[in-house]
$ cat structure-v3.cif   # mmCIF, C-alpha atoms and all ligand atoms
data_model
loop_
_atom_site.label_atom_id
_atom_site.label_comp_id
_atom_site.auth_asym_id
_atom_site.auth_seq_id
_atom_site.Cartn_x
_atom_site.Cartn_y
_atom_site.Cartn_z
CA MET N 211 -55.74 3.04 107.15
CA THR N 212 -56.62 2.99 103.45
CA PRO N 213 -53.91 4.80 101.51
CA SER N 214 -55.18 7.76 99.52
CA TYR N 215 -54.51 7.53 95.81
CA ASN N 216 -54.40 10.16 93.16
CA GLU N 217 -57.09 8.46 91.01
CA LYS N 218 -55.86 9.97 87.75
CA LYS N 219 -52.26 8.87 88.34
CA LEU N 220 -53.42 5.40 89.39
CA GLN N 221 -55.52 4.99 86.26
CA GLU N 222 -52.69 6.19 84.04
CA LEU N 223 -50.31 3.68 85.59
CA GLN N 224 -52.89 0.89 85.37
CA GLY N 225 -53.34 1.67 81.68
CA ARG N 226 -49.61 1.57 81.03
CA VAL N 227 -49.06 -1.66 82.98
CA MET N 228 -52.06 -3.28 81.26
CA GLY N 229 -50.48 -2.40 77.92
CA ASN N 230 -47.22 -3.99 79.08
CA ALA N 231 -48.98 -7.15 80.28
CA ALA N 232 -50.76 -7.39 76.92
CA GLY N 233 -47.37 -6.93 75.28
CA ALA N 234 -45.82 -9.73 77.35
CA VAL N 235 -48.52 -12.16 76.21
CA GLY N 236 -48.68 -10.80 72.68
CA LEU N 237 -44.93 -11.16 72.32
CA LEU N 238 -45.11 -14.85 73.28
CA MET N 239 -47.95 -15.35 70.79
CA ALA N 240 -45.89 -13.58 68.12
CA TYR N 241 -42.90 -15.80 68.87
CA ILE N 242 -45.06 -18.94 68.57
CA GLY N 243 -46.23 -17.61 65.21
CA ASP N 244 -42.62 -17.09 64.15
CA GLN N 245 -41.41 -20.54 65.19
CA THR N 246 -44.37 -22.37 63.62
CA GLY N 247 -44.28 -20.35 60.40
CA ILE N 248 -47.86 -19.08 60.75
CA TYR N 249 -47.12 -15.46 59.80
CA ARG N 250 -45.16 -16.55 56.73
CA ALA N 251 -47.98 -18.90 55.71
CA MET N 252 -50.53 -16.08 56.19
CA GLU N 253 -48.52 -13.78 53.98
CA GLU N 254 -48.37 -16.40 51.26
CA LEU N 255 -52.08 -17.23 51.46
CA GLY N 256 -53.60 -13.76 51.82
CA PRO N 257 -57.05 -13.64 53.50
CA CYS N 258 -57.81 -17.17 54.70
CA THR N 259 -59.88 -19.18 57.14
CA HIS N 260 -58.26 -20.76 60.14
CA GLU N 261 -58.83 -24.22 58.62
CA THR N 262 -56.95 -23.36 55.42
CA LEU N 263 -54.16 -21.74 57.39
CA ALA N 264 -53.84 -24.74 59.76
CA LYS N 265 -53.31 -27.01 56.74
CA LYS N 266 -50.77 -24.70 55.15
CA ALA N 267 -48.76 -24.14 58.35
CA ASP N 268 -49.26 -27.74 59.52
CA VAL N 269 -50.43 -26.82 63.03
CA ASP N 270 -53.37 -27.85 65.20
CA VAL N 271 -56.54 -26.18 63.95
CA ARG N 272 -58.14 -25.50 67.35
CA TYR N 273 -55.01 -24.03 68.89
CA LEU N 274 -54.58 -21.92 65.78
CA ARG N 275 -58.09 -20.50 66.10
CA GLU N 276 -57.31 -19.33 69.65
CA TRP N 277 -53.94 -17.92 68.59
CA LEU N 278 -55.52 -16.04 65.69
CA SER N 279 -58.17 -14.65 68.03
CA SER N 280 -55.52 -13.34 70.42
CA ASN N 281 -53.49 -11.84 67.57
CA ALA N 282 -56.57 -10.18 66.07
CA ALA N 283 -57.63 -8.73 69.43
CA MET N 284 -54.09 -7.33 69.90
CA GLY N 285 -54.18 -5.73 66.43
CA TYR N 286 -51.27 -7.88 65.19
CA ILE N 287 -53.40 -9.31 62.35
CA GLU N 288 -56.73 -8.36 60.71
CA TYR N 289 -60.01 -10.22 61.16
CA ASN N 290 -62.90 -10.01 58.69
CA ALA N 291 -65.93 -11.05 60.79
CA GLU N 292 -68.27 -11.17 57.77
CA VAL N 293 -66.44 -14.03 56.11
CA ASP N 294 -64.49 -15.25 59.16
CA THR N 295 -61.05 -14.82 57.59
CA PHE N 296 -57.71 -13.48 58.79
CA HIS N 297 -54.93 -11.62 57.01
CA LEU N 298 -51.82 -9.49 57.50
CA THR N 299 -51.59 -5.88 56.31
CA PRO N 300 -48.21 -4.93 54.73
CA GLU N 301 -47.26 -3.14 57.97
CA GLN N 302 -48.13 -6.18 60.12
CA ALA N 303 -46.16 -8.42 57.75
CA ALA N 304 -43.17 -6.04 58.01
CA ILE N 305 -43.06 -6.45 61.77
CA PHE N 306 -44.01 -10.11 62.22
CA SER N 307 -43.00 -12.00 59.11
CA ARG N 308 -40.23 -10.34 57.06
CA GLU N 309 -37.11 -11.96 58.47
CA GLY N 310 -33.94 -9.96 57.79
CA GLU N 311 -35.67 -6.63 57.18
CA PRO N 312 -34.94 -3.87 59.72
CA THR N 313 -38.67 -3.61 60.54
CA CYS N 314 -38.94 -7.27 61.63
CA MET N 315 -39.11 -7.53 65.42
CA GLN N 316 -39.02 -11.31 65.84
CA GLY N 317 -35.37 -11.32 67.00
CA PHE N 318 -36.31 -8.85 69.69
CA PHE N 319 -39.21 -11.09 70.76
CA GLN N 320 -36.95 -14.14 70.80
CA ALA N 321 -34.41 -12.36 73.03
CA VAL N 322 -37.20 -11.50 75.51
CA VAL N 323 -38.64 -15.03 75.44
CA GLY N 324 -35.12 -16.34 76.21
CA GLN N 325 -35.09 -14.32 79.42
CA TYR N 326 -38.54 -15.51 80.52
CA ALA N 327 -37.43 -19.10 79.86
CA THR N 328 -34.72 -18.88 82.54
CA HIS N 329 -36.35 -16.51 84.99
CA ASP N 330 -35.59 -18.85 87.93
CA THR N 331 -31.86 -18.39 87.44
CA ALA N 332 -32.33 -14.63 87.01
CA ILE N 333 -34.08 -14.45 90.39
CA ASP N 334 -31.47 -16.65 92.12
CA ILE N 335 -28.50 -14.57 91.02
CA PHE N 336 -30.37 -11.33 91.65
CA LYS N 337 -30.48 -12.37 95.31
CA SER N 338 -27.04 -13.96 95.60
CA GLY N 339 -25.14 -11.41 93.50
CA GLU N 340 -23.39 -14.22 91.63
CA GLY N 341 -22.24 -13.68 88.07
CA ARG N 342 -23.84 -15.52 85.16
CA PRO N 343 -21.74 -16.43 82.11
CA TRP N 344 -23.09 -15.81 78.61
CA GLU N 345 -23.15 -19.56 77.87
CA ASP N 346 -25.50 -20.11 80.82
CA HIS N 347 -28.37 -18.45 78.91
CA HIS N 348 -31.14 -20.13 76.92
CA SER N 349 -30.31 -20.68 73.23
CA CYS N 350 -33.04 -18.12 72.39
CA CYS N 351 -30.77 -15.48 73.92
CA PHE N 352 -28.01 -16.19 71.37
CA CYS N 353 -30.33 -16.48 68.34
CA GLY N 354 -32.51 -13.58 69.50
CA THR N 355 -29.50 -11.29 70.02
CA ASP N 356 -28.23 -12.16 66.54
CA ARG N 357 -31.61 -11.66 64.88
CA PHE N 358 -32.18 -8.43 66.80
CA PHE N 359 -28.84 -6.81 65.83
CA ARG N 360 -28.19 -8.34 62.38
CA PRO N 361 -30.65 -6.20 60.33
CA GLY N 362 -29.21 -3.00 61.83
CA TYR N 363 -25.67 -4.10 60.95
CA ALA N 364 -26.82 -5.13 57.47
CA SER N 365 -28.29 -1.69 56.81
CA SER N 366 -25.52 0.43 58.40
CA LEU N 367 -22.19 -1.35 58.86
CA THR N 368 -20.61 -1.23 55.41
CA SER N 369 -22.74 1.57 53.96
CA GLU N 370 -22.43 4.10 56.80
CA TRP N 371 -20.34 3.06 59.81
CA ILE N 372 -17.12 1.91 58.11
CA PRO N 373 -17.17 4.81 55.58
CA SER N 374 -17.53 7.21 58.53
CA LEU N 375 -14.28 5.96 60.13
CA LYS N 376 -11.22 8.07 59.28
CA GLY N 377 -8.96 6.23 56.83
CA VAL N 378 -10.41 2.73 57.12
CA GLU N 379 -12.61 1.99 54.09
CA PRO N 380 -9.89 2.35 51.38
CA THR N 381 -7.68 -0.10 53.32
CA LEU N 382 -10.47 -2.67 53.55
CA ILE N 383 -11.30 -2.30 49.87
CA SER N 384 -7.68 -2.87 48.84
CA GLY N 385 -7.21 -5.70 51.38
CA GLY N 386 -6.86 -5.18 55.15
CA LYS N 387 -6.72 -7.29 58.29
CA VAL N 388 -9.71 -7.11 60.62
CA ALA N 389 -10.60 -8.64 64.00
CA ASP N 390 -14.19 -8.76 65.25
CA ILE N 391 -14.13 -9.41 69.02
CA GLY N 392 -17.18 -10.87 70.78
CA CYS N 393 -18.54 -11.63 67.31
CA GLY N 394 -21.34 -13.91 68.56
CA LEU N 395 -22.97 -15.73 65.63
CA GLY N 396 -20.74 -13.78 63.26
CA ALA N 397 -23.22 -11.47 61.47
CA SER N 398 -20.87 -8.47 61.47
CA SER N 399 -17.79 -10.52 60.44
CA LEU N 400 -19.67 -12.12 57.54
CA LEU N 401 -21.04 -8.77 56.34
CA MET N 402 -17.50 -7.34 56.28
CA GLY N 403 -16.18 -10.47 54.57
CA GLU N 404 -18.76 -10.15 51.79
CA ALA N 405 -18.28 -6.40 51.35
CA TYR N 406 -14.46 -6.49 51.33
CA PRO N 407 -13.42 -9.68 49.53
CA LEU N 408 -9.70 -8.72 49.51
CA SER N 409 -9.65 -8.31 53.30
CA GLN N 410 -9.18 -11.05 55.89
CA ILE N 411 -11.72 -10.99 58.72
CA HIS N 412 -11.10 -12.89 61.97
CA GLY N 413 -14.11 -13.34 64.27
CA PHE N 414 -13.37 -14.16 67.93
CA ASP N 415 -15.74 -15.01 70.76
CA SER N 416 -15.46 -16.85 74.08
CA HIS N 417 -18.67 -18.82 73.42
CA GLY N 418 -17.96 -22.10 71.60
CA ALA N 419 -21.50 -22.75 70.32
CA SER N 420 -21.71 -19.27 68.76
CA ILE N 421 -18.36 -19.76 67.02
CA GLU N 422 -19.51 -23.11 65.64
CA SER N 423 -22.70 -21.55 64.30
CA ALA N 424 -20.72 -18.67 62.72
CA ARG N 425 -18.37 -21.14 61.02
CA ASN N 426 -21.32 -23.11 59.66
CA GLU N 427 -22.88 -19.99 58.18
CA ALA N 428 -19.57 -18.99 56.54
CA ASN N 429 -19.28 -22.48 55.01
CA GLU N 430 -22.91 -22.52 53.85
CA LYS N 431 -22.48 -19.11 52.18
CA GLY N 432 -19.05 -20.04 50.76
CA ILE N 433 -17.39 -16.99 52.35
CA LYS N 434 -13.68 -17.85 52.33
CA ASN N 435 -12.04 -14.71 53.74
CA VAL N 436 -13.64 -14.99 57.19
CA SER N 437 -12.44 -17.29 59.98
CA PHE N 438 -13.79 -17.87 63.48
CA GLU N 439 -12.06 -18.90 66.70
CA GLN N 440 -13.15 -19.43 70.29
CA VAL N 441 -10.96 -17.21 72.48
CA LEU N 442 -11.22 -14.51 75.16
CA ALA N 443 -11.07 -10.84 74.15
CA LYS N 444 -7.85 -10.36 76.14
CA GLU N 445 -6.14 -13.29 74.41
CA PHE N 446 -7.06 -13.24 70.72
CA PRO N 447 -4.13 -13.95 68.40
CA GLY N 448 -2.64 -11.84 65.61
CA LYS N 449 -0.76 -8.58 65.14
CA ASP N 450 -0.86 -5.61 62.79
CA TYR N 451 -4.62 -5.41 62.41
CA ASP N 452 -5.90 -2.43 60.42
CA LEU N 453 -9.24 -2.55 62.18
CA VAL N 454 -10.45 -4.22 65.37
CA CYS N 455 -14.15 -3.94 66.15
CA ILE N 456 -16.51 -4.87 68.95
CA PHE N 457 -20.24 -4.89 68.29
CA ASP N 458 -22.55 -4.64 71.29
CA ALA N 459 -20.21 -6.70 73.45
CA LEU N 460 -17.63 -4.43 75.16
CA HIS N 461 -20.02 -3.66 78.01
CA ASP N 462 -20.58 -7.42 78.54
CA MET N 463 -16.92 -8.02 79.25
CA GLY N 464 -15.61 -8.32 82.81
CA ASP N 465 -12.43 -6.46 81.96
CA PRO N 466 -13.17 -4.11 79.05
CA VAL N 467 -10.08 -2.03 79.88
CA GLY N 468 -7.87 -5.13 79.69
CA ALA N 469 -9.54 -6.16 76.41
CA ALA N 470 -9.03 -2.67 74.94
CA ARG N 471 -5.35 -2.70 76.04
CA HIS N 472 -4.86 -6.02 74.23
CA ILE N 473 -6.63 -4.57 71.17
CA LYS N 474 -4.33 -1.52 71.18
CA LYS N 475 -1.27 -3.80 71.13
CA SER N 476 -2.73 -5.87 68.28
CA LEU N 477 -3.33 -2.85 66.00
CA LYS N 478 -0.92 -1.34 63.48
CA PRO N 479 0.24 2.16 64.50
CA GLY N 480 -2.64 4.41 63.44
CA GLY N 481 -5.02 1.43 63.23
CA THR N 482 -8.64 1.82 64.32
CA PHE N 483 -10.62 0.30 67.16
CA MET N 484 -14.33 0.65 66.26
CA VAL N 485 -16.67 0.26 69.21
CA VAL N 486 -20.38 -0.17 68.53
CA GLU N 487 -22.46 0.15 71.69
CA PRO N 488 -26.15 0.63 72.46
CA ASN N 489 -26.99 4.32 72.03
CA ALA N 490 -27.52 5.84 75.46
CA ALA N 491 -27.07 9.18 77.16
CA ASP N 492 -24.53 9.49 79.96
CA SER N 493 -26.93 9.53 82.92
CA LEU N 494 -30.02 7.68 84.07
CA LYS N 495 -31.81 11.02 84.29
CA GLU N 496 -31.37 11.48 80.51
CA ASN N 497 -32.32 7.87 79.73
CA MET N 498 -35.98 8.02 80.76
CA ASN N 499 -37.40 6.43 77.61
CA LEU N 500 -38.79 3.11 76.46
CA PHE N 501 -35.64 1.92 74.63
CA SER N 502 -33.50 2.53 77.71
CA GLY N 503 -36.09 0.79 79.88
CA ILE N 504 -35.77 -2.29 77.68
CA MET N 505 -31.97 -2.14 77.57
CA TYR N 506 -31.61 -1.68 81.34
CA GLY N 507 -33.89 -4.74 81.65
CA PHE N 508 -31.70 -6.89 79.40
CA SER N 509 -28.72 -5.49 81.26
CA THR N 510 -30.17 -6.62 84.61
CA THR N 511 -30.52 -10.24 83.53
CA ILE N 512 -27.76 -10.55 80.89
CA CYS N 513 -25.05 -7.88 80.54
CA VAL N 514 -24.22 -7.04 84.15
CA PRO N 515 -24.23 -10.70 85.33
CA VAL N 516 -22.11 -11.75 82.30
CA SER N 517 -19.55 -9.08 83.15
CA ARG N 518 -19.59 -10.07 86.82
CA SER N 519 -18.90 -13.72 85.90
CA GLN N 520 -15.55 -12.69 84.37
CA GLU N 521 -12.23 -11.44 85.70
CA VAL N 522 -12.47 -7.86 87.17
CA GLY N 523 -16.28 -7.77 86.74
CA LEU N 524 -16.52 -4.06 85.87
CA CYS N 525 -20.27 -4.29 85.09
CA LEU N 526 -20.55 -1.33 82.69
CA GLY N 527 -24.16 -2.20 81.81
CA ALA N 528 -25.90 -1.87 78.43
CA GLN N 529 -26.63 1.85 78.86
CA ALA N 530 -23.19 3.00 79.93
CA GLY N 531 -23.20 6.00 77.58
CA GLU N 532 -20.47 7.53 75.43
CA LYS N 533 -18.53 9.23 78.23
CA ARG N 534 -18.12 6.04 80.29
CA ILE N 535 -17.15 3.97 77.23
CA ALA N 536 -14.66 6.64 76.10
CA ASP N 537 -13.14 6.65 79.63
CA VAL N 538 -12.58 2.89 79.32
CA LEU N 539 -10.83 3.37 75.97
CA ARG N 540 -8.66 6.22 77.28
CA GLU N 541 -7.69 4.18 80.35
CA ALA N 542 -6.54 1.47 77.93
CA GLY N 543 -4.26 3.97 76.19
CA PHE N 544 -6.35 5.29 73.27
CA SER N 545 -5.92 9.06 73.34
CA SER N 546 -8.20 9.87 70.39
CA VAL N 547 -11.83 8.71 70.80
CA ASN N 548 -14.66 10.15 68.67
CA ARG N 549 -18.28 9.36 67.92
CA VAL N 550 -18.43 8.98 64.15
CA ALA N 551 -21.94 7.64 63.53
CA GLU N 552 -25.14 6.64 65.24
CA THR N 553 -28.57 5.13 64.72
CA PRO N 554 -31.49 5.38 67.15
CA THR N 555 -30.21 2.17 68.79
CA ASN N 556 -26.42 2.21 68.33
CA MET N 557 -23.50 4.63 68.62
CA VAL N 558 -20.22 4.11 66.79
CA LEU N 559 -16.94 5.26 68.34
CA GLN N 560 -13.55 5.37 66.62
CA ALA N 561 -10.43 5.07 68.78
CA ILE N 562 -7.09 5.38 66.99
CA ALA N 563 -4.00 3.50 68.19
C1 LIG N 601 -24.57 -9.24 73.17
S1 LIG N 601 -23.58 -10.45 72.40
C2 LIG N 601 -23.13 -9.62 70.89
C3 LIG N 601 -22.70 -10.59 69.83
C4 LIG N 601 -22.40 -9.97 68.46
N1 LIG N 601 -21.27 -9.06 68.50
C5 LIG N 601 -23.61 -9.27 67.91
O1 LIG N 601 -23.61 -8.05 67.87
O2 LIG N 601 -24.57 -9.96 67.50
C6 LIG N 601 -22.10 -10.40 73.36
C7 LIG N 601 -21.03 -11.39 72.92
O3 LIG N 601 -19.83 -11.11 73.64
C8 LIG N 601 -19.19 -12.34 73.93
N2 LIG N 601 -18.29 -12.12 75.05
C9 LIG N 601 -18.59 -11.72 76.31
N3 LIG N 601 -17.48 -11.62 77.03
C10 LIG N 601 -16.43 -11.94 76.23
C11 LIG N 601 -15.02 -12.00 76.41
N4 LIG N 601 -14.47 -11.68 77.57
N5 LIG N 601 -14.26 -12.39 75.38
C12 LIG N 601 -14.83 -12.71 74.17
N6 LIG N 601 -16.15 -12.66 73.94
C13 LIG N 601 -16.95 -12.27 74.95
C14 LIG N 601 -20.36 -13.29 74.25
O4 LIG N 601 -19.98 -14.63 74.16
C15 LIG N 601 -21.38 -12.85 73.19
O5 LIG N 601 -21.27 -13.60 72.03
#

$ encode --input "structure-v3.cif" --output "C-alpha cells"
Amino acid sequence: MTPSYNEKKLQELQGRVMGNAAGAVGLLMAYIGDQTGIYRAMEELGPCTHETLAKKADVDVRYLREWLSSNAAMGYIEYNAEVDTFHLTPEQAAIFSREGEPTCMQGFFQAVVGQYATHDTAIDIFKSGEGRPWEDHHSCCFCGTDRFFRPGYASSLTSEWIPSLKGVEPTLISGGKVADIGCGLGASSLLMGEAYPLSQIHGFDSHGASIESARNEANEKGIKNVSFEQVLAKEFPGKDYDLVCIFDALHDMGDPVGAARHIKKSLKPGGTFMVVEPNAADSLKENMNLFSGIMYGFSTTICVPVSRSQEVGLCLGAQAGEKRIADVLREAGFSSVNRVAETPTNMVLQAIA
C-alpha cells in the first residue's frame, strides 16, 4: 500500500534537506577554496576573470572555473555575467576569507570536513560501541577545532570572561599561576600569556601532536611565560594555582569528576576553576535549534566516543547543559558554582575551591 503523505510537510522537509545537501557540498567547496588560497586571492584582486585568478592562486584553470560556478550558484561569491568576472562582497569575504576574525567560518568547515574524511571509522564504532580516542581523528579535526574556537576566545577570554570571574583578573595582572587543561593547540593559553605577561601559564593536554604544535606557536611568537606539556587531566603537575581552566574539553573527558577533583587539589584555597563549555540548555526538548543540531552531531562522532575511550567513560556529550556540568563540579567537591558569562556558543562557569 502506498503510504499517504502530508504533501506540505513532505515538501517542507525536502526543501530543508536539499538546503543541507547543498551546504554539505558548498562547505567542501569552501574548504578547497580556503586550502588553495582562492578566496584570499579573490579579495586581493577584486573583480577578476577565472584565468587571472587561476594565475594568481596558482591552481588549474578548468577546475577553478567549475569551482567558481558552484560558489556563484550557492551565493558564496558574486558573478558578473556581462563581463564574465567573479568577486567577493565584504560580507562574503568576512565569512570565507578573513582568517582570525570571529565572522570567518573556515575553521568550522574544516572541523566538518575532518569528520567526513573518517566516516568509515565513525560508522564502525557507532555499531560496535567502541570508544575512539581524540588522537584517532583526522588532523583536520585538531586544526578545525582550533580555528573554530580561537576567534571566540580572542574576542571574549581576556576582555570579558576573565574580568567576569570573582577576584581573578587582579591576580593575573600582578602575576599569577594558571593551568589550562585540555589546551589543544594552545590558543587560550597563548592569549592569557600575552595578556598577563607577569603570570605563568601552563598548558596541558593528553594529545602529543597538539602540544608540539602549541609549543611551536609559543616559540614563533616569542611568548616566554607559557609552557606546554603532554599529560592527562587527572595527572597534571603543580600546586597552588590561582586559576585552572578548561576550554571546551571537560565534556570530552572520560572521568570529568576525577579531573575536577585533581584540579580542586591543585588550586590555592579560594582559587578558581573556570569551565568553558558549549552553551546548551539542560534538556533535549529545549535544545531544538540549529546550533545544538550541529553540536550533537560533533558529539556523536567526536566527544562521546573520546570520553568512552578513557577511564570511566562518563560520556557527558557536547550539549550537557549547565546543570549537568555543575553537578560534575559539585561531585568533585566544588560547593560554589556560578555562570558568570556567556556568548551564543559558550557558557562560562566559575567554581571556587
Ligand atoms: C575539543 S578539544 C578543545 C581543545 C582546546 N581547549 C580548544 O578549545 O581549542 C578537546 C581537547 O581535550 C583533550 N583531552 C581529552 N581528554 C583529555 C584528558 N583526559 N586529559 C587531557 N586532555 C584531554 C584533547 O586531546 C583535545 O585537545

$ residues_near_ligand --input "structure-v3.cif" --ligand "ligand LIG 601 (chain N)" --cutoff "8 Å" --atoms "all atoms listed in the file" --output "PyMOL selection string"
chain N and resi 344-345+352+355-360+390-398+414-417+420+440-444+456-460+462-466+469+513+516-517+520

$ closest_residue --input "structure-v3.cif" --among "N:Ala303, N:Ala291, N:Ala231, N:Ala424" --to "Cys258 of chain N" --atoms "all atoms listed in the file"
N:Ala291

$ atom_distance --input "structure-v3.cif" --atom1 "atom CA of Leu237 of chain N" --atom2 "atom CA of Glu254 of chain N"
22.0 Å

$ atom_distance --input "structure-v3.cif" --atom1 "atom CA of His329 of chain N" --atom2 "atom CA of Tyr241 of chain N"
17.4 Å

$ residues_around --input "structure-v3.cif" --residues "Ala389 of chain N" --least-positions-apart "2" --cutoff "8 Å" --atoms "only C-alpha atoms" --output "list in words"
Lys387, Ile391, Ile411, His412, Gly413, Phe414, Tyr451, Leu453, Val454 and Cys455 of chain N

$ residues_around --input "structure-v3.cif" --residues "segment 370-385 of chain N" --least-positions-apart "4" --cutoff "10 Å" --atoms "only C-alpha atoms" --output "PyMOL selection string"
chain N and resi 363+365-366+402-403+405-411+452-453+480-484+486+548-553+557-562

$ closest_residue --input "structure-v3.cif" --among "N:Ala251, N:Ser509, N:Val522, N:Gln529" --to "Ala332 of chain N" --atoms "only C-alpha atoms"
N:Ser509

$ decode --input "structure-v3.cif" --residues "segment 488-531 of chain N" --atoms "C-alpha atoms" --output "PDB file, in the first residue's frame"
ATOM      1  CA  PRO N 488      29.337  24.816  24.668  1.00  0.00           C
ATOM      2  CA  ASN N 489      26.240  26.849  25.534  1.00  0.00           C
ATOM      3  CA  ALA N 490      23.284  24.489  25.815  1.00  0.00           C
ATOM      4  CA  ALA N 491      20.048  24.248  27.739  1.00  0.00           C
ATOM      5  CA  ASP N 492      19.595  21.406  30.215  1.00  0.00           C
ATOM      6  CA  SER N 493      17.275  19.204  28.149  1.00  0.00           C
ATOM      7  CA  LEU N 494      16.987  17.971  24.578  1.00  0.00           C
ATOM      8  CA  LYS N 495      13.493  19.453  24.464  1.00  0.00           C
ATOM      9  CA  GLU N 496      14.977  22.944  24.979  1.00  0.00           C
ATOM     10  CA  ASN N 497      17.823  22.351  22.507  1.00  0.00           C
ATOM     11  CA  MET N 498      15.766  22.141  19.321  1.00  0.00           C
ATOM     12  CA  ASN N 499      17.850  24.570  17.274  1.00  0.00           C
ATOM     13  CA  LEU N 500      20.446  24.504  14.528  1.00  0.00           C
ATOM     14  CA  PHE N 501      23.489  25.088  16.785  1.00  0.00           C
ATOM     15  CA  SER N 502      22.504  22.199  19.044  1.00  0.00           C
ATOM     16  CA  GLY N 503      21.879  20.009  15.992  1.00  0.00           C
ATOM     17  CA  ILE N 504      25.444  20.672  14.863  1.00  0.00           C
ATOM     18  CA  MET N 505      26.924  20.151  18.338  1.00  0.00           C
ATOM     19  CA  TYR N 506      25.022  16.898  18.946  1.00  0.00           C
ATOM     20  CA  GLY N 507      26.403  15.779  15.552  1.00  0.00           C
ATOM     21  CA  PHE N 508      30.017  16.535  16.510  1.00  0.00           C
ATOM     22  CA  SER N 509      29.283  14.902  19.846  1.00  0.00           C
ATOM     23  CA  THR N 510      28.109  11.701  18.125  1.00  0.00           C
ATOM     24  CA  THR N 511      31.335  11.259  16.178  1.00  0.00           C
ATOM     25  CA  ILE N 512      33.876  13.012  18.451  1.00  0.00           C
ATOM     26  CA  CYS N 513      33.001  13.919  22.059  1.00  0.00           C
ATOM     27  CA  VAL N 514      31.064  10.882  23.257  1.00  0.00           C
ATOM     28  CA  PRO N 515      33.458   8.334  21.650  1.00  0.00           C
ATOM     29  CA  VAL N 516      36.506  10.243  23.012  1.00  0.00           C
ATOM     30  CA  SER N 517      35.035  10.109  26.512  1.00  0.00           C
ATOM     31  CA  ARG N 518      34.189   6.431  26.122  1.00  0.00           C
ATOM     32  CA  SER N 519      37.790   5.648  25.096  1.00  0.00           C
ATOM     33  CA  GLN N 520      39.006   6.832  28.523  1.00  0.00           C
ATOM     34  CA  GLU N 521      38.770   5.562  32.085  1.00  0.00           C
ATOM     35  CA  VAL N 522      35.164   5.741  33.490  1.00  0.00           C
ATOM     36  CA  GLY N 523      33.729   6.841  30.107  1.00  0.00           C
ATOM     37  CA  LEU N 524      31.053   9.170  31.513  1.00  0.00           C
ATOM     38  CA  CYS N 525      30.056  10.449  28.041  1.00  0.00           C
ATOM     39  CA  LEU N 526      28.639  13.853  29.042  1.00  0.00           C
ATOM     40  CA  GLY N 527      28.265  14.934  25.399  1.00  0.00           C
ATOM     41  CA  ALA N 528      28.796  18.404  23.916  1.00  0.00           C
ATOM     42  CA  GLN N 529      25.324  19.663  24.918  1.00  0.00           C
ATOM     43  CA  ALA N 530      25.333  18.555  28.539  1.00  0.00           C
ATOM     44  CA  GLY N 531      23.974  21.885  29.803  1.00  0.00           C
TER      45      GLY N 531
END
